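Q: Have a look at this one.
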Amino acid sequence: MTLLAYRDVEVHHGARAVLRGATGEVRRGEKLALVGRNGSGKTTLLRLAAGQIEPDGGTVQRARGIRIGYLPQHPEPPDGVTVLEWVLGAFEPVRAIEARIEALHEALARADGREQQRLLEQLAELESEHEQRGGWDWRRRAEAVLDGLGLGTEYRDRVASTLSGGERARAALARLLCEEPDLLLLDEPTNHLDMAMLEWLEGFLAQAPEAVLIVSHDRAFLDAVVSGVFALEHGRLTRYEGNYSRYKVLRREALERAEKEREQIAAYIEKERAFIRRFRAGQRAKEARGRERRLERFIEEHGDGSVREREDLGTFSFRFRSGKRRGGPVFRIEGLAGGYDPATPLFRDLDLELPPGEVLGIVGPNGAGKTTLLRILRGELAPLAGTVKSPPGLRVGAFYQQGEDLDLERTALEQTHDAAPREDLVRVRALLGRLGLSGDEQLKPLGRMSGGERARVSMARLLITRPEVLLLDEPTNHLDTAAREALEAALEEYDSTVVAVSHDRYFLDRLADRLLVFEPGTRPRLVLGGYAAYRADAQRDSAQRADGTPQRGNGG
């Protein structure tokens with residue numbers, strides 16, 4: 001059964017056409033991804049499906065009686081309600097049924113005869129509907145979802161409007177999952193989730209009966225959840241079956257086929273034009289004119305083969321260049337404790353030597369001290385205990401997750417040039433252009449830019465300073481898929497040291513030589529390899545605990 005269908009949908013933002021005949025459908029129970037470069041219209045498609053906006057052309061068709069749940073990127077809670085009240089609001093229909101059931105029981109106590117029989121029939125219908133909606137355990141279900149999304153008991157009585165942006169997003173997601181609509185529309189649901197939350201959400205969605213349409217740049221998440229992908233390119237939708245990795249293979253094959261077809265078209269056209277030129281005058285002129293007319297019709301239908309098909313997922317392109325490479329350890333860390341209160345450090349007893357050229361990934365739950373460690377390495381925060389030693393004059397470059405290094409009133413060009421005042425402005429403009437910020441975009445105040453655009457400015461500031469060490473705090477968070485892959489390629493070529501806090505499992509598996517794992521109540525420990533190695537390590541620990549085998553110790 002088709003729940004949602006886009007039919008030749010067109011949407012214009014001013015003079016720019018965002019959607020140009022987009023067509024596709026979502027059927028009951030399907031889990032589908034919606035991918036495309038930033039600004040291509042993905043959020044517009046979700047808002048169309050949710051009925052928040054109307055198309056300028058074409059139609060958006062929804063199944064009769066369908067219940068749709070929409071998670072925007074920046075949800076706003078109602079005023080004055082607690083987190084628990086907000087989430088329990090999802091169960092208002094079933095709570096209303098319970099109130100009616102209680103009222104019927106009271107009426108039955110006073111009724112007799114035919115009236116009693118009529119009330120019993122109503123009660124049976126209500127109890128059946130109540131059972132279909134999950135019965136009496138709605139509060140337990142709400143608390144389980146809140147726990148899975150990292151909103152434990154300490155959050156339940158907080159006023160929802162006082163939460164941080166990331167906490168609000170998680171609370172809104174919890175409410176939406178509890179509503180159990182027929183179709184879930186999720187716009188970047190993973191942005192504020194740590195790895196434990198990500199894996200919980202993957203399992204929840206994989207087992208949920210609802211259909212889901214997801215906008216996300218988290219490739220591992222999409223691989224785990226979806227069975228189909230809509231690629232939004234040039235304002236149109238193309239559907240590919242399979243998860244994200246399968247889509248990449250199919251998309252590459254489609255590009256190769258399109259390129260071969262382009263070459264064949266170009267060769268055919270050149271052959272026909274050569275004939276027409278040769279025989280335009282003379283005995284075969286009539287035949288040449290006929291072939292010229294047929295060629296014109298062919299070009300109108302198939303194009304002239306001069307435009308190469310390309311993957312329309314962005315123009316993010318750059319290369320990190322380092323200064324001199326040191327011979328000894330870049331950082332030597334001994335007995336390090338970090339945090340903001342000596343009585344309750346976020347982590348302690350960290351011993352680590354970081355050699356030149358290594359990529360160290362840092363993983364762990366939110367609030368475990370990962371960003372705190374980066375601030376200590378950067379020299380912005382004093383350790384609570386222990387030491388950090390590095391070579392004199394070491395040039396350290398940092399990427400800040402929230403853009404703390406940026407002045408939102410200044411332009412992209414000004415901010416980038418400030419990082420290296422001696423650089424020629426032409427080179428600064430060229431660098432920003434390679435990062436997808438060109439022309440007037442470079443002169444726009446950062447306060448008017450998206451999170452992804454600000455991330456590109458932060459990257460530009462890093463690139464231009466040629467650091468010997470890169471400290472990256474969630475570098476992929478606001479980047480689309482093409483930008484993430486370009487960043488990964490640049491870091492693979494970078495010959496100096498990288499320390500990266502990340503929840504992006506694709507990123508970690510591709511780049512990390514080792515992972516530093518933060519876990520509550522334990523000493524940070526090292527795992528050789530990327531995220532897959534860490535998960536295998538954790539599964540071995542779990543198996544050892546189950547059979548009573550002594551576990552290996554923590555530590556570096």
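Just remember, in the structure tokens the first chain shown is A, the second B, etc., residues are 1-based per chain, and ligands are 1-based in the order shown.
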Quick one: residues within 10 Å of Leu384 in chain A, only C-alpha atoms counted, chain neighbours fewer than 6 positions away excluded, as a PyMOL selection string?

A: chain A and resi 335-348+376

Q: Could those selected residues go to a file with C-alpha atoms, as a PDB file, in the first residue's frame?

A:
ATOM      1  CA  GLY A 335      48.460  10.475  34.644  1.00  0.00           C
ATOM      2  CA  LEU A 336      46.084  12.974  33.058  1.00  0.00           C
ATOM      3  CA  ALA A 337      42.779  13.887  34.687  1.00  0.00           C
ATOM      4  CA  GLY A 338      40.401  16.351  33.051  1.00  0.00           C
ATOM      5  CA  GLY A 339      37.186  18.147  33.899  1.00  0.00           C
ATOM      6  CA  TYR A 340      35.913  21.227  35.675  1.00  0.00           C
ATOM      7  CA  ASP A 341      35.626  20.043  39.274  1.00  0.00           C
ATOM      8  CA  PRO A 342      38.607  18.372  41.017  1.00  0.00           C
ATOM      9  CA  ALA A 343      36.163  16.345  43.115  1.00  0.00           C
ATOM     10  CA  THR A 344      34.466  14.816  40.058  1.00  0.00           C
ATOM     11  CA  PRO A 345      36.851  14.658  37.066  1.00  0.00           C
ATOM     12  CA  LEU A 346      35.353  13.521  33.781  1.00  0.00           C
ATOM     13  CA  PHE A 347      38.310  11.175  33.244  1.00  0.00           C
ATOM     14  CA  ARG A 348      41.513  10.285  35.098  1.00  0.00           C
ATOM     15  CA  ILE A 376      43.668  20.364  27.271  1.00  0.00           C
TER      16      ILE A 376
END

Q: Range 172-241 of chain A: which residues are helix (DSSP H, G or I) by DSSP, as a list in words?

A: Ala172, Leu173, Ala174, Arg175, Leu176, Leu177, Cys178, Glu179, Met195, Ala196, Met197, Leu198, Glu199, Trp200, Leu201, Glu202, Gly203, Phe204, Leu205, Ala206, Gln207, Arg219, Ala220, Phe221, Leu222, Asp223, Ala224 and Val225 of chain A

Q: Next, dump the selected residues to file, keeping only C-alpha atoms, as a PDB file, in the first residue's frame.

A:
ATOM      1  CA  ALA A 172      11.270  15.429  20.310  1.00  0.00           C
ATOM      2  CA  LEU A 173      12.472  12.195  18.712  1.00  0.00           C
ATOM      3  CA  ALA A 174      11.387  10.244  21.807  1.00  0.00           C
ATOM      4  CA  ARG A 175       7.883  11.720  21.602  1.00  0.00           C
ATOM      5  CA  LEU A 176       7.664  10.985  17.885  1.00  0.00           C
ATOM      6  CA  LEU A 177       8.725   7.351  18.322  1.00  0.00           C
ATOM      7  CA  CYS A 178       6.118   6.929  21.056  1.00  0.00           C
ATOM      8  CA  GLU A 179       3.381   8.312  18.785  1.00  0.00           C
ATOM      9  CA  MET A 195      27.249   5.791  19.604  1.00  0.00           C
ATOM     10  CA  ALA A 196      25.179   3.948  22.201  1.00  0.00           C
ATOM     11  CA  MET A 197      22.137   6.046  21.277  1.00  0.00           C
ATOM     12  CA  LEU A 198      22.811   5.527  17.564  1.00  0.00           C
ATOM     13  CA  GLU A 199      22.884   1.764  17.959  1.00  0.00           C
ATOM     14  CA  TRP A 200      19.713   1.839  20.071  1.00  0.00           C
ATOM     15  CA  LEU A 201      17.886   3.914  17.445  1.00  0.00           C
ATOM     16  CA  GLU A 202      19.101   1.619  14.660  1.00  0.00           C
ATOM     17  CA  GLY A 203      17.651  -1.392  16.463  1.00  0.00           C
ATOM     18  CA  PHE A 204      14.380   0.413  17.239  1.00  0.00           C
ATOM     19  CA  LEU A 205      13.779   1.550  13.662  1.00  0.00           C
ATOM     20  CA  ALA A 206      14.830  -1.768  12.137  1.00  0.00           C
ATOM     21  CA  GLN A 207      12.122  -3.545  14.164  1.00  0.00           C
ATOM     22  CA  ARG A 219      26.402   6.343   6.353  1.00  0.00           C
ATOM     23  CA  ALA A 220      26.707   3.546   8.917  1.00  0.00           C
ATOM     24  CA  PHE A 221      23.253   4.419  10.293  1.00  0.00           C
ATOM     25  CA  LEU A 222      21.715   4.281   6.823  1.00  0.00           C
ATOM     26  CA  ASP A 223      23.428   0.975   6.099  1.00  0.00           C
ATOM     27  CA  ALA A 224      21.890  -0.501   9.267  1.00  0.00           C
ATOM     28  CA  VAL A 225      18.347   0.844   8.797  1.00  0.00           C
TER      29      VAL A 225
END

Q: Excluding same-chain residues fewer than 5 positions from Arg294 in chain A, what lies within 12 Å of it counting only C-alpha atoms, as a short mmCIF file (atom, residue, chain, number, x, y, z; two decimals) with C-alpha atoms, in the first residue's frame?

A:
data_model
loop_
_atom_site.label_atom_id
_atom_site.label_comp_id
_atom_site.auth_asym_id
_atom_site.auth_seq_id
_atom_site.Cartn_x
_atom_site.Cartn_y
_atom_site.Cartn_z
CA ILE A 269 26.74 12.96 -33.79
CA GLU A 272 26.64 12.38 -38.90
CA ARG A 273 28.05 15.90 -38.96
CA ILE A 276 26.64 16.37 -43.69
CA GLU A 287 20.30 13.02 -48.37
CA ALA A 288 22.59 15.27 -46.30
CA ARG A 289 19.75 17.72 -45.60
CA ILE A 299 19.94 16.12 -30.37
CA GLU A 300 16.68 17.62 -29.05
CA GLU A 301 15.76 14.24 -27.60
#

Q: Would you list the contacts of Leu34 in chain A as a ChimeraX atom specification, taking every protein, DNA or RNA residue within 12 Å and counting only C-alpha atoms, but skipping same-chain residues closer than 2 positions in sequence?

A: /A:24-26,31-32,36-38,40-46,185-188,212-219,222,226-233,236-240,243-244,247,480-481

Q: How many Å lie between CA of Gln415 in chain A and CA of Ala500 in chain A, rounded to one decimal?

A: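 Separating CA of Gln415 in chain A from CA of Ala500 in chain A is a distance of 22.8 Å.
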
Q: Considering only C-alpha atoms, return as number ranges by chain whatever protein or nucleic-acid residues lie within 12 Å of range 429-436 of chain A, sequence-local ones (same chain, fewer than 3 positions apart) excluded.

A: A: 37-39, 313-320, 411-417, 423-426, 439-443, 452-464, 479-480, 482-484, 486-487

Q: Write the selection just made, keeping C-alpha atoms, as a PDB file, in the first residue's frame?

A:
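See selection.pdb below for the written result:
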ATOM      1  CA  ARG A  37      23.956  17.626  -1.286  1.00  0.00           C
ATOM      2  CA  ASN A  38      23.131  20.324   1.262  1.00  0.00           C
ATOM      3  CA  GLY A  39      20.585  22.742  -0.180  1.00  0.00           C
ATOM      4  CA  LEU A 313      26.506  15.792  -4.241  1.00  0.00           C
ATOM      5  CA  GLY A 314      28.616  18.883  -3.734  1.00  0.00           C
ATOM      6  CA  THR A 315      31.920  20.493  -4.688  1.00  0.00           C
ATOM      7  CA  PHE A 316      33.889  20.098  -1.470  1.00  0.00           C
ATOM      8  CA  SER A 317      37.545  19.750  -2.502  1.00  0.00           C
ATOM      9  CA  PHE A 318      40.722  20.468  -0.589  1.00  0.00           C
ATOM     10  CA  ARG A 319      44.030  19.153   0.685  1.00  0.00           C
ATOM     11  CA  PHE A 320      45.696  19.526   4.058  1.00  0.00           C
ATOM     12  CA  THR A 411      32.356  37.293   6.816  1.00  0.00           C
ATOM     13  CA  ALA A 412      33.799  33.995   5.647  1.00  0.00           C
ATOM     14  CA  LEU A 413      36.560  35.840   3.815  1.00  0.00           C
ATOM     15  CA  GLU A 414      37.483  37.942   6.853  1.00  0.00           C
ATOM     16  CA  GLN A 415      37.490  34.964   9.228  1.00  0.00           C
ATOM     17  CA  THR A 416      39.685  32.868   6.953  1.00  0.00           C
ATOM     18  CA  HIS A 417      42.146  35.683   6.243  1.00  0.00           C
ATOM     19  CA  GLU A 423      48.300  35.154   2.937  1.00  0.00           C
ATOM     20  CA  ASP A 424      47.293  36.755  -0.337  1.00  0.00           C
ATOM     21  CA  LEU A 425      43.530  37.376  -0.556  1.00  0.00           C
ATOM     22  CA  VAL A 426      43.421  35.715  -3.979  1.00  0.00           C
ATOM     23  CA  GLY A 439      31.426  34.782  -4.963  1.00  0.00           C
ATOM     24  CA  ASP A 440      29.015  36.631  -2.692  1.00  0.00           C
ATOM     25  CA  GLU A 441      28.879  33.680  -0.273  1.00  0.00           C
ATOM     26  CA  GLN A 442      32.382  34.627   0.891  1.00  0.00           C
ATOM     27  CA  LEU A 443      31.115  38.099   1.853  1.00  0.00           C
ATOM     28  CA  GLY A 452      27.524  23.218   7.078  1.00  0.00           C
ATOM     29  CA  GLU A 453      28.758  26.508   5.617  1.00  0.00           C
ATOM     30  CA  ARG A 454      30.293  27.523   8.933  1.00  0.00           C
ATOM     31  CA  ALA A 455      32.006  24.145   9.141  1.00  0.00           C
ATOM     32  CA  ARG A 456      33.607  24.855   5.762  1.00  0.00           C
ATOM     33  CA  VAL A 457      34.904  28.207   7.019  1.00  0.00           C
ATOM     34  CA  SER A 458      36.416  26.464  10.047  1.00  0.00           C
ATOM     35  CA  MET A 459      38.052  23.964   7.685  1.00  0.00           C
ATOM     36  CA  ALA A 460      39.416  26.812   5.580  1.00  0.00           C
ATOM     37  CA  ARG A 461      40.988  28.372   8.685  1.00  0.00           C
ATOM     38  CA  LEU A 462      42.662  25.053   9.435  1.00  0.00           C
ATOM     39  CA  LEU A 463      43.932  24.514   5.901  1.00  0.00           C
ATOM     40  CA  ILE A 464      45.545  27.900   5.563  1.00  0.00           C
ATOM     41  CA  LEU A 479      28.806  18.137   6.306  1.00  0.00           C
ATOM     42  CA  ASP A 480      26.873  16.358   3.590  1.00  0.00           C
ATOM     43  CA  ALA A 482      30.231  14.289  -0.481  1.00  0.00           C
ATOM     44  CA  ALA A 483      31.909  16.743   1.896  1.00  0.00           C
ATOM     45  CA  ARG A 484      32.543  13.974   4.432  1.00  0.00           C
ATOM     46  CA  ALA A 486      36.294  14.643   0.537  1.00  0.00           C
ATOM     47  CA  LEU A 487      37.424  15.373   4.109  1.00  0.00           C
TER      48      LEU A 487
END

Q: Would you pick out the contacts of Val9 in chain A at 7 Å or less, using only C-alpha atoms, so that residues sharing its chain but fewer than 2 positions from it are not included, and give the list as a ChimeraX atom specification?

A: /A:6-7,11,19-23,55,57-59

Q: Find the distance between CA of Ser128 in chain A and CA of Thr2 in chain A and write it in Å to one decimal.

A: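 Separation of CA of Ser128 in chain A and CA of Thr2 in chain A: 26.7 Å.
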
Q: Grab the CA of Asp147 in chain A to CA of Leu84 in chain A distance for me, in Å with one decimal place.

A: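 Value for the CA of Asp147 in chain A-CA of Leu84 in chain A distance: 11.5 Å.
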
Q: Have a look at A:Gly150, A:Asn366, A:Leu515, A:Pro75 and name the one nearest to Leu352 in chain A; count only C-alpha atoms.

A: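 Counting only C-alpha atoms, the residue closest to Leu352 in chain A is A:Leu515.
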
Q: As number ranges by chain, please: the residues near Asp137 in chain A (cut-off 12 Å, only C-alpha atoms, same-chain neighbours under 4 positions excluded).

A: A: 88, 91, 94-95, 98, 130-131, 133, 141-144, 178

Q: For the selection you just gave me, I'd like the residues written to a file as a short mmCIF file (atom, residue, chain, number, x, y, z; two decimals), in the first residue's frame, keeping C-alpha atoms.

A:
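Written out: result02.cif:
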data_model
loop_
_atom_site.label_atom_id
_atom_site.label_comp_id
_atom_site.auth_asym_id
_atom_site.auth_seq_id
_atom_site.Cartn_x
_atom_site.Cartn_y
_atom_site.Cartn_z
CA LEU A 88 3.74 11.27 27.45
CA PHE A 91 -0.18 8.75 24.43
CA VAL A 94 -4.75 5.84 24.53
CA ARG A 95 -5.11 7.75 27.81
CA GLU A 98 -8.58 4.58 29.41
CA HIS A 130 -6.93 -0.11 23.82
CA GLU A 131 -5.12 -3.42 23.41
CA ARG A 133 -2.71 0.66 20.92
CA ARG A 141 7.33 2.34 26.84
CA ALA A 142 7.94 6.10 27.09
CA GLU A 143 10.62 5.63 29.74
CA ALA A 144 12.33 2.92 27.68
CA CYS A 178 6.12 6.93 21.06
#
